[in-house]
$ cat model_14.cif   # mmCIF, C-alpha atoms
data_final
loop_
_atom_site.group_PDB
_atom_site.id
_atom_site.type_symbol
_atom_site.label_atom_id
_atom_site.label_comp_id
_atom_site.auth_asym_id
_atom_site.auth_seq_id
_atom_site.Cartn_x
_atom_site.Cartn_y
_atom_site.Cartn_z
ATOM 1 C CA MET A 93 7.073 -42.373 -4.603
ATOM 2 C CA ASP A 94 10.756 -42.813 -3.903
ATOM 3 C CA GLY A 95 11.899 -46.043 -2.326
ATOM 4 C CA GLY A 96 14.924 -45.816 -0.083
ATOM 5 C CA HIS A 97 18.023 -43.996 -1.211
ATOM 6 C CA SER A 98 16.763 -41.832 -4.005
ATOM 7 C CA PRO A 99 19.456 -39.266 -4.724
ATOM 8 C CA GLU A 100 16.651 -36.770 -5.237
ATOM 9 C CA ASP A 101 15.773 -37.081 -1.586
ATOM 10 C CA GLY A 102 18.465 -34.930 -0.087
ATOM 11 C CA TYR A 103 17.194 -35.617 3.401
ATOM 12 C CA ARG A 104 18.521 -39.164 3.464
ATOM 13 C CA THR A 105 21.791 -38.807 1.667
ATOM 14 C CA ASP A 106 23.147 -35.353 2.318
ATOM 15 C CA ARG A 107 24.318 -33.727 5.475
ATOM 16 C CA GLY A 108 23.423 -30.212 4.466
ATOM 17 C CA GLY A 109 25.182 -27.194 5.833
ATOM 18 C CA ALA A 110 24.671 -27.159 9.558
ATOM 19 C CA GLU A 111 22.434 -29.542 11.424
ATOM 20 C CA PRO A 112 23.349 -33.186 11.969
ATOM 21 C CA ASP A 113 20.367 -35.393 11.271
ATOM 22 C CA PRO A 114 18.830 -36.959 14.343
ATOM 23 C CA SER A 115 18.861 -40.730 13.865
ATOM 24 C CA ARG A 116 15.158 -41.162 13.307
ATOM 25 C CA GLU A 117 15.594 -44.624 11.886
ATOM 26 C CA ALA A 118 17.320 -45.977 14.956
ATOM 27 C CA ASP A 119 14.281 -46.344 17.184
ATOM 28 C CA GLY A 120 12.130 -48.339 14.816
ATOM 29 C CA ALA A 121 10.167 -45.324 13.729
ATOM 30 C CA GLY A 122 9.272 -46.982 10.459
ATOM 31 C CA ASP A 123 7.231 -49.680 12.196
ATOM 32 C CA PRO A 124 3.594 -49.020 11.318
ATOM 33 C CA ALA A 125 2.418 -50.847 14.440
ATOM 34 C CA ARG A 126 3.850 -48.087 16.635
ATOM 35 C CA ALA A 127 1.308 -45.312 16.730
ATOM 36 C CA PRO A 128 2.231 -42.274 18.804
ATOM 37 C CA GLY A 129 1.229 -42.551 22.422
ATOM 38 C CA THR A 130 1.487 -46.320 22.589
ATOM 39 C CA GLY A 131 4.513 -46.678 24.807
ATOM 40 C CA GLN A 132 7.833 -45.127 25.674
ATOM 41 C CA GLY A 133 9.513 -46.270 22.461
ATOM 42 C CA ALA A 134 6.833 -44.616 20.379
ATOM 43 C CA PHE A 135 7.011 -41.478 22.519
ATOM 44 C CA ASP A 136 10.745 -41.242 21.845
ATOM 45 C CA ARG A 137 9.856 -41.206 18.182
ATOM 46 C CA TRP A 138 8.104 -37.927 18.861
ATOM 47 C CA SER A 139 11.053 -36.324 20.575
ATOM 48 C CA ASP A 140 11.199 -32.982 22.287
ATOM 49 C CA GLU A 141 12.210 -31.575 18.951
ATOM 50 C CA ALA A 142 9.091 -32.812 17.213
ATOM 51 C CA LEU A 143 6.865 -31.663 20.045
ATOM 52 C CA ALA A 144 8.323 -28.169 20.194
ATOM 53 C CA PRO A 145 9.507 -27.315 16.698
ATOM 54 C CA VAL A 146 8.836 -23.647 17.196
ATOM 55 C CA LEU A 147 11.498 -23.465 19.881
ATOM 56 C CA VAL A 148 14.387 -24.999 17.988
ATOM 57 C CA GLY A 149 16.373 -22.366 16.113
ATOM 58 C CA ARG A 150 14.317 -19.389 17.241
ATOM 59 C CA SER A 151 16.171 -16.079 17.233
ATOM 60 C CA TYR A 152 15.627 -13.145 19.564
ATOM 61 C CA VAL A 153 12.605 -10.924 19.006
ATOM 62 C CA PRO A 154 13.635 -8.260 16.485
ATOM 63 C CA THR A 155 11.739 -5.417 18.116
ATOM 64 C CA THR A 156 11.171 -3.888 21.519
ATOM 65 C CA ALA A 157 9.284 -0.948 22.948
ATOM 66 C CA GLY A 158 11.842 0.013 25.575
ATOM 67 C CA PRO A 159 15.410 1.282 25.707
ATOM 68 C CA VAL A 160 18.211 -0.654 24.065
ATOM 69 C CA LEU A 161 21.933 -1.037 24.494
ATOM 70 C CA TYR A 162 23.892 -0.939 21.277
ATOM 71 C CA LEU A 163 27.360 -1.465 19.828
ATOM 72 C CA PRO A 164 28.763 -0.110 16.552
ATOM 73 C CA VAL A 165 29.550 -2.673 13.853
ATOM 74 C CA HIS A 166 32.178 -2.011 11.191
ATOM 75 C CA ARG A 167 33.309 -3.541 7.950
ATOM 76 C CA ASP A 168 36.887 -2.528 7.182
ATOM 77 C CA ASP A 169 36.947 1.129 8.244
ATOM 78 C CA ARG A 170 33.298 1.831 7.639
ATOM 79 C CA LEU A 171 30.453 1.822 10.127
ATOM 80 C CA ILE A 172 27.762 -0.487 8.736
ATOM 81 C CA GLY A 173 25.239 -0.451 11.541
ATOM 82 C CA TYR A 174 24.472 -1.129 15.183
ATOM 83 C CA LEU A 175 23.935 -4.303 17.142
ATOM 84 C CA TRP A 176 21.323 -3.737 19.833
ATOM 85 C CA ALA A 177 19.738 -5.676 22.657
ATOM 86 C CA SER A 178 17.068 -5.046 25.237
ATOM 87 C CA GLU A 179 18.160 -5.156 28.863
ATOM 88 C CA THR A 180 14.840 -6.573 29.985
ATOM 89 C CA GLU A 181 13.460 -8.652 27.107
ATOM 90 C CA GLU A 182 14.768 -11.381 24.834
ATOM 91 C CA ALA A 183 14.999 -8.877 21.993
ATOM 92 C CA SER A 184 18.021 -8.185 19.816
ATOM 93 C CA ASP A 185 18.787 -7.396 16.203
ATOM 94 C CA PHE A 186 21.229 -5.732 13.871
ATOM 95 C CA GLN A 187 20.224 -2.284 12.661
ATOM 96 C CA PRO A 188 21.938 -1.522 9.332
ATOM 97 C CA LEU A 189 22.579 2.038 8.268
ATOM 98 C CA LEU A 190 19.509 3.343 6.475
ATOM 99 C CA PRO A 191 18.428 2.992 3.789
ATOM 100 C CA PRO A 192 19.790 -0.561 3.755
ATOM 101 C CA ASP A 193 21.571 -1.829 0.677
ATOM 102 C CA THR A 194 22.048 -5.473 -0.244
ATOM 103 C CA ALA A 195 25.135 -5.695 1.965
ATOM 104 C CA GLY A 196 23.152 -4.258 4.866
ATOM 105 C CA ASN A 197 20.408 -6.819 4.358
ATOM 106 C CA ALA A 198 22.975 -9.591 4.115
ATOM 107 C CA ALA A 199 24.577 -8.376 7.351
ATOM 108 C CA ARG A 200 21.194 -8.393 9.000
ATOM 109 C CA GLY A 201 20.570 -11.924 7.725
ATOM 110 C CA TRP A 202 23.956 -13.029 9.027
ATOM 111 C CA TRP A 203 23.227 -11.575 12.441
ATOM 112 C CA THR A 204 19.846 -13.282 12.554
ATOM 113 C CA MET A 205 21.488 -16.668 12.125
ATOM 114 C CA GLU A 206 24.217 -15.756 14.633
ATOM 115 C CA HIS A 207 21.479 -14.879 17.096
ATOM 116 C CA VAL A 208 19.814 -18.225 16.417
ATOM 117 C CA ARG A 209 23.088 -19.847 17.376
ATOM 118 C CA LEU A 210 23.637 -17.724 20.470
ATOM 119 C CA ARG A 211 20.099 -18.180 21.656
ATOM 120 C CA GLY A 212 20.449 -21.906 21.081
ATOM 121 C CA GLU A 213 23.395 -21.796 23.495
ATOM 122 C CA GLY A 214 21.132 -20.343 26.133
ATOM 123 C CA LEU A 215 22.398 -16.773 26.118
ATOM 124 C CA THR A 216 20.056 -13.942 26.959
ATOM 125 C CA ALA A 217 19.840 -11.105 24.437
ATOM 126 C CA LEU A 218 22.099 -8.973 26.607
ATOM 127 C CA GLU A 219 24.626 -11.757 27.110
ATOM 128 C CA ALA A 220 24.645 -12.350 23.370
ATOM 129 C CA LEU A 221 25.307 -8.666 22.712
ATOM 130 C CA ARG A 222 28.164 -8.595 25.175
ATOM 131 C CA SER A 223 29.659 -11.794 23.745
ATOM 132 C CA CYS A 224 30.304 -10.084 20.410
ATOM 133 C CA ALA A 225 32.940 -7.450 21.219
ATOM 134 C CA GLY A 226 36.321 -8.699 20.088
ATOM 135 C CA ARG A 227 34.827 -12.002 18.933
ATOM 136 C CA VAL A 228 32.823 -11.282 15.804
ATOM 137 C CA ASP A 229 34.703 -10.442 12.631
ATOM 138 C CA ASP A 230 32.816 -11.708 9.611
ATOM 139 C CA PRO A 231 32.883 -10.566 5.978
ATOM 140 C CA HIS A 232 29.081 -10.473 5.927
ATOM 141 C CA GLY A 233 28.166 -9.579 9.499
ATOM 142 C CA GLY A 234 30.973 -7.129 10.083
ATOM 143 C CA ARG A 235 33.261 -6.619 13.050
ATOM 144 C CA VAL A 236 32.552 -5.654 16.642
ATOM 145 C CA ASP A 237 35.765 -4.220 18.097
ATOM 146 C CA ALA A 238 36.946 -5.404 21.487
ATOM 147 C CA ASP A 239 36.712 -1.814 22.752
ATOM 148 C CA ALA A 240 33.442 -1.027 20.997
ATOM 149 C CA PRO A 241 31.615 1.526 23.145
ATOM 150 C CA GLU A 242 28.316 0.355 24.574
ATOM 151 C CA SER A 243 25.665 3.051 24.422
ATOM 152 C CA ARG A 244 22.030 3.289 25.389
ATOM 153 C CA ALA A 245 19.197 4.573 23.240
ATOM 154 C CA PRO A 246 15.849 5.313 24.861
ATOM 155 C CA SER A 247 14.056 3.547 22.008
ATOM 156 C CA LEU A 248 14.542 1.755 18.724
ATOM 157 C CA GLU A 249 13.163 4.816 16.957
ATOM 158 C CA GLU A 250 16.107 6.830 18.273
ATOM 159 C CA LEU A 251 18.538 4.143 17.144
ATOM 160 C CA ARG A 252 16.982 4.127 13.676
ATOM 161 C CA ALA A 253 17.303 7.904 13.540
ATOM 162 C CA LEU A 254 20.972 7.430 14.315
ATOM 163 C CA ALA A 255 21.203 4.821 11.534
ATOM 164 C CA ARG A 256 19.663 7.299 9.118
ATOM 165 C CA GLY A 257 22.572 9.618 9.834
ATOM 166 C CA MET B 267 9.056 -46.497 4.912
ATOM 167 C CA THR B 268 10.861 -43.574 3.320
ATOM 168 C CA ASP B 269 10.986 -40.216 5.001
ATOM 169 C CA GLU B 270 8.629 -38.601 2.563
ATOM 170 C CA GLU B 271 6.133 -41.399 3.033
ATOM 171 C CA GLN B 272 6.472 -40.880 6.766
ATOM 172 C CA ALA B 273 5.984 -37.158 6.382
ATOM 173 C CA ALA B 274 2.892 -37.778 4.268
ATOM 174 C CA ARG B 275 1.512 -40.075 6.949
ATOM 175 C CA ASP B 276 2.252 -37.449 9.590
ATOM 176 C CA GLU B 277 -0.361 -35.249 7.980
ATOM 177 C CA PHE B 278 -2.999 -37.897 8.631
ATOM 178 C CA ARG B 279 -2.352 -38.464 12.337
ATOM 179 C CA PRO B 280 -4.750 -35.997 13.940
ATOM 180 C CA GLU B 281 -4.442 -37.723 17.315
ATOM 181 C CA PHE B 282 -0.914 -36.355 17.530
ATOM 182 C CA ALA B 283 -1.611 -32.750 18.425
ATOM 183 C CA GLY B 284 1.968 -31.734 19.036
ATOM 184 C CA ALA B 285 3.007 -30.301 15.716
ATOM 185 C CA GLU B 286 1.679 -29.152 12.405
ATOM 186 C CA PRO B 287 3.539 -30.903 9.564
ATOM 187 C CA ARG B 288 3.957 -27.765 7.486
ATOM 188 C CA PHE B 289 5.338 -24.322 8.067
ATOM 189 C CA ALA B 290 2.900 -21.484 7.457
ATOM 190 C CA ALA B 291 2.875 -20.578 3.775
ATOM 191 C CA ASP B 292 3.105 -16.850 4.211
ATOM 192 C CA THR B 293 3.812 -14.145 6.736
ATOM 193 C CA ASP B 294 3.330 -10.431 7.240
ATOM 194 C CA GLY B 295 6.610 -10.012 9.054
ATOM 195 C CA PRO B 296 10.283 -9.875 8.134
ATOM 196 C CA VAL B 297 11.943 -12.777 6.352
ATOM 197 C CA LEU B 298 15.358 -14.120 5.449
ATOM 198 C CA HIS B 299 15.954 -15.473 1.946
ATOM 199 C CA VAL B 300 18.643 -17.279 -0.040
ATOM 200 C CA PRO B 301 19.104 -18.053 -3.738
ATOM 201 C CA VAL B 302 18.438 -21.520 -5.127
ATOM 202 C CA LEU B 303 20.486 -22.283 -8.215
ATOM 203 C CA ARG B 304 20.722 -24.992 -10.843
ATOM 204 C CA GLU B 305 24.002 -26.776 -11.403
ATOM 205 C CA ASP B 306 24.898 -24.324 -14.175
ATOM 206 C CA GLY B 307 24.437 -21.415 -11.787
ATOM 207 C CA SER B 308 21.150 -20.174 -13.224
ATOM 208 C CA ALA B 309 18.366 -19.246 -10.843
ATOM 209 C CA LEU B 310 15.603 -21.686 -9.892
ATOM 210 C CA GLY B 311 14.061 -19.532 -7.213
ATOM 211 C CA ARG B 312 14.491 -18.226 -3.681
ATOM 212 C CA LEU B 313 14.027 -20.054 -0.416
ATOM 213 C CA TRP B 314 12.667 -17.926 2.408
ATOM 214 C CA ALA B 315 11.975 -18.237 6.106
ATOM 215 C CA SER B 316 10.162 -15.840 8.406
ATOM 216 C CA ARG B 317 12.117 -14.249 11.234
ATOM 217 C CA ASP B 318 9.678 -15.655 13.769
ATOM 218 C CA GLY B 319 10.432 -19.169 12.563
ATOM 219 C CA ALA B 320 6.833 -20.025 11.761
ATOM 220 C CA ALA B 321 6.656 -19.628 7.981
ATOM 221 C CA ALA B 322 8.805 -20.803 5.090
ATOM 222 C CA GLY B 323 8.463 -21.245 1.378
ATOM 223 C CA PHE B 324 9.987 -21.227 -2.070
ATOM 224 C CA LEU B 325 9.472 -18.555 -4.706
ATOM 225 C CA PRO B 326 10.091 -20.190 -8.096
ATOM 226 C CA VAL B 327 11.274 -18.658 -11.324
ATOM 227 C CA PRO B 328 8.471 -18.792 -13.903
ATOM 228 C CA GLY B 329 8.172 -22.026 -15.833
ATOM 229 C CA PRO B 330 8.061 -25.767 -15.286
ATOM 230 C CA ALA B 331 11.540 -26.103 -13.750
ATOM 231 C CA GLY B 332 10.637 -23.600 -11.062
ATOM 232 C CA LEU B 333 7.369 -25.334 -10.276
ATOM 233 C CA ASN B 334 9.088 -28.700 -10.192
ATOM 234 C CA ALA B 335 11.640 -27.287 -7.777
ATOM 235 C CA LYS B 336 8.869 -25.871 -5.640
ATOM 236 C CA GLY B 337 7.404 -29.346 -5.182
ATOM 237 C CA ALA B 338 10.760 -30.644 -4.037
ATOM 238 C CA TRP B 339 11.226 -27.732 -1.620
ATOM 239 C CA VAL B 340 7.763 -28.142 -0.117
ATOM 240 C CA ARG B 341 8.733 -31.695 0.739
ATOM 241 C CA ARG B 342 12.156 -30.671 2.074
ATOM 242 C CA LEU B 343 10.539 -28.098 4.344
ATOM 243 C CA ILE B 344 8.107 -30.701 5.680
ATOM 244 C CA LEU B 345 11.040 -32.984 6.447
ATOM 245 C CA ALA B 346 12.992 -30.202 8.161
ATOM 246 C CA ARG B 347 10.015 -29.363 10.310
ATOM 247 C CA ALA B 348 9.546 -33.011 11.182
ATOM 248 C CA GLN B 349 13.150 -32.936 12.416
ATOM 249 C CA GLY B 350 12.168 -30.239 14.878
ATOM 250 C CA LEU B 351 13.670 -27.317 13.019
ATOM 251 C CA ASP B 352 11.917 -23.997 12.818
ATOM 252 C CA ALA B 353 11.866 -22.047 9.548
ATOM 253 C CA LEU B 354 15.264 -20.435 10.165
ATOM 254 C CA GLY B 355 16.717 -23.795 11.085
ATOM 255 C CA ALA B 356 15.327 -25.256 7.881
ATOM 256 C CA LEU B 357 16.987 -22.483 5.881
ATOM 257 C CA ALA B 358 20.313 -23.193 7.559
ATOM 258 C CA ARG B 359 19.915 -26.933 7.202
ATOM 259 C CA TRP B 360 19.500 -26.779 3.425
ATOM 260 C CA THR B 361 22.183 -24.169 2.821
ATOM 261 C CA GLY B 362 25.112 -25.916 1.177
ATOM 262 C CA ALA B 363 23.313 -29.209 0.580
ATOM 263 C CA PRO B 364 24.425 -30.961 -2.622
ATOM 264 C CA GLN B 365 22.949 -30.124 -6.001
ATOM 265 C CA ASP B 366 19.739 -31.932 -6.830
ATOM 266 C CA ASP B 367 18.272 -32.319 -10.309
ATOM 267 C CA ARG B 368 14.853 -31.244 -9.163
ATOM 268 C CA ALA B 369 15.433 -28.912 -6.203
ATOM 269 C CA GLY B 370 18.705 -27.302 -7.233
ATOM 270 C CA ALA B 371 20.818 -26.094 -4.343
ATOM 271 C CA VAL B 372 21.474 -23.166 -2.033
ATOM 272 C CA PRO B 373 25.169 -22.423 -2.618
ATOM 273 C CA PRO B 374 27.367 -23.291 0.348
ATOM 274 C CA GLY B 375 28.212 -20.275 2.422
ATOM 275 C CA SER B 376 25.149 -18.339 1.236
ATOM 276 C CA VAL B 377 24.304 -15.668 3.775
ATOM 277 C CA PRO B 378 20.571 -15.124 4.048
ATOM 278 C CA GLU B 379 19.382 -11.637 3.212
ATOM 279 C CA HIS B 380 16.872 -9.805 5.342
ATOM 280 C CA ALA B 381 13.693 -8.424 3.797
ATOM 281 C CA ASP B 382 11.099 -6.508 5.749
ATOM 282 C CA ARG B 383 8.290 -8.323 3.967
ATOM 283 C CA LEU B 384 7.762 -11.299 1.658
ATOM 284 C CA ASP B 385 7.014 -8.986 -1.228
ATOM 285 C CA GLY B 386 10.319 -7.264 -0.568
ATOM 286 C CA ILE B 387 12.236 -10.291 -1.834
ATOM 287 C CA PRO B 388 13.780 -9.476 -5.209
ATOM 288 C CA PRO B 389 12.704 -11.728 -8.085
ATOM 289 C CA PRO B 390 14.961 -14.787 -8.332
#
$ encode --input "model_14.cif" --output "structure tokens"
Amino acid sequence: MDGGHSPEDGYRTDRGGAEPDPSREADGAGDPARAPGTGQGAFDRWSDEALAPVLVGRSYVPTTAGPVLYLPVHRDDRLIGYLWASETEEASDFQPLLPPDTAGNAARGWWTMEHVRLRGEGLTALEALRSCAGRVDDPHGGRVDADAPESRAPSLEELRALARG
Amino acid sequence: MTDEEQAARDEFRPEFAGAEPRFAADTDGPVLHVPVLREDGSALGRLWASRDGAAAGFLPVPGPAGLNAKGAWVRRLILARAQGLDALGALARWTGAPQDDRAGAVPPGSVPEHADRLDGIPPP
């Protein structure tokens, strides 16, 4: 078992790509006498993050049964897909042109992580959609023009038919 | 106590009902995945996370290096979850982390690729 600052243990010594590490050492978490539930200090050890890990970083639901609003997404001069959101549910995703190639799957992956970020800021799916026009211009995710027309599709099936071309 | 010792102890604290220490090991739904490379750029495997944030894992290249890496990634995922990250957060957290002799690294700036299913991930 590693003891202390093993370079193999990236958790301790590296900062990774995105998240700052919460300072778990600062509250005496290593003290074996502090079992969870034995006082406020021990409860802090099990923070909101530890108690609700499924909420941190969650993206919007990638499917919905109802109608969706959507915006075209381009890379250079080419349409690469549609960004959609439900007006009534916390559902949103990027629909690449079908069949998706590697770039389309990478764009979809990029948008998933962007949605994680937007949702983490407290935006609804619709607010997130409307925050993108004129803001997003990414080599992987594509570009949403400031004057991108917002359209409505009665269902995701219709949007996918559109993506099939 | 090191973090991995703490994570190991977390598994044996049934009175704490708030969180499972591990992500689910598989999923039927869509996933995101990123390459994991050795220092020389050769593939060690692929790290994946389910879209719903509940499942995550590592698909190794065949052979002992891949299996060794898998052990390191299992531990890293436990640690990420203990930090309160969901599977997507764990993927982001380890993207761009420094090279490690055992675990390799996800190249900085890697954009995760979508796959409709786990078995849709191309071989590493």
$ closest_residue --input "model_14.cif" --among "A:Ser243, A:Thr204, A:Ser223, A:Thr194" --to "Gly319 in chain B" --atoms "all atoms listed in the file"
A:Thr204
$ atom_distance --input "model_14.cif" --atom1 "CA of Leu221 in chain A" --atom2 "CA of Gly173 in chain A"
13.9 Å
$ interface_residues --input "model_14.cif" --of "chain B" --to "chain A" --cutoff "6 Å" --atoms "only C-alpha atoms" --output "ChimeraX atom specification"
/B:267-268,284-285,350-352,355,359-363,366,377-380
$ atom_distance --input "model_14.cif" --atom1 "CA of His207 in chain A" --atom2 "CA of Val228 in chain A"
12.0 Å
$ residues_around --input "model_14.cif" --residues "Asp169 in chain A" --least-positions-apart "2" --cutoff "12 Å" --atoms "all atoms listed in the file" --output "VMD selection string"
chain A and resid 164 to 167 171 to 172 234 to 237
$ residues_around --input "model_14.cif" --residues "Val300 in chain B" --least-positions-apart "6" --cutoff "12 Å" --atoms "all atoms listed in the file" --output "ChimeraX atom specification"
/A:197-198,201-202 /B:309-315,322-325,354,356-358,360-362,371-381,387-390
$ atom_distance --input "model_14.cif" --atom1 "CA of Asp382 in chain B" --atom2 "CA of Val302 in chain B"
19.9 Å
$ residues_near_point --input "model_14.cif" --point "(10.3, -22.8, -8.4)" --cutoff "8 Å" --atoms "only C-alpha atoms" --output "PyMOL selection string"
chain B and resi 310-312+324-337
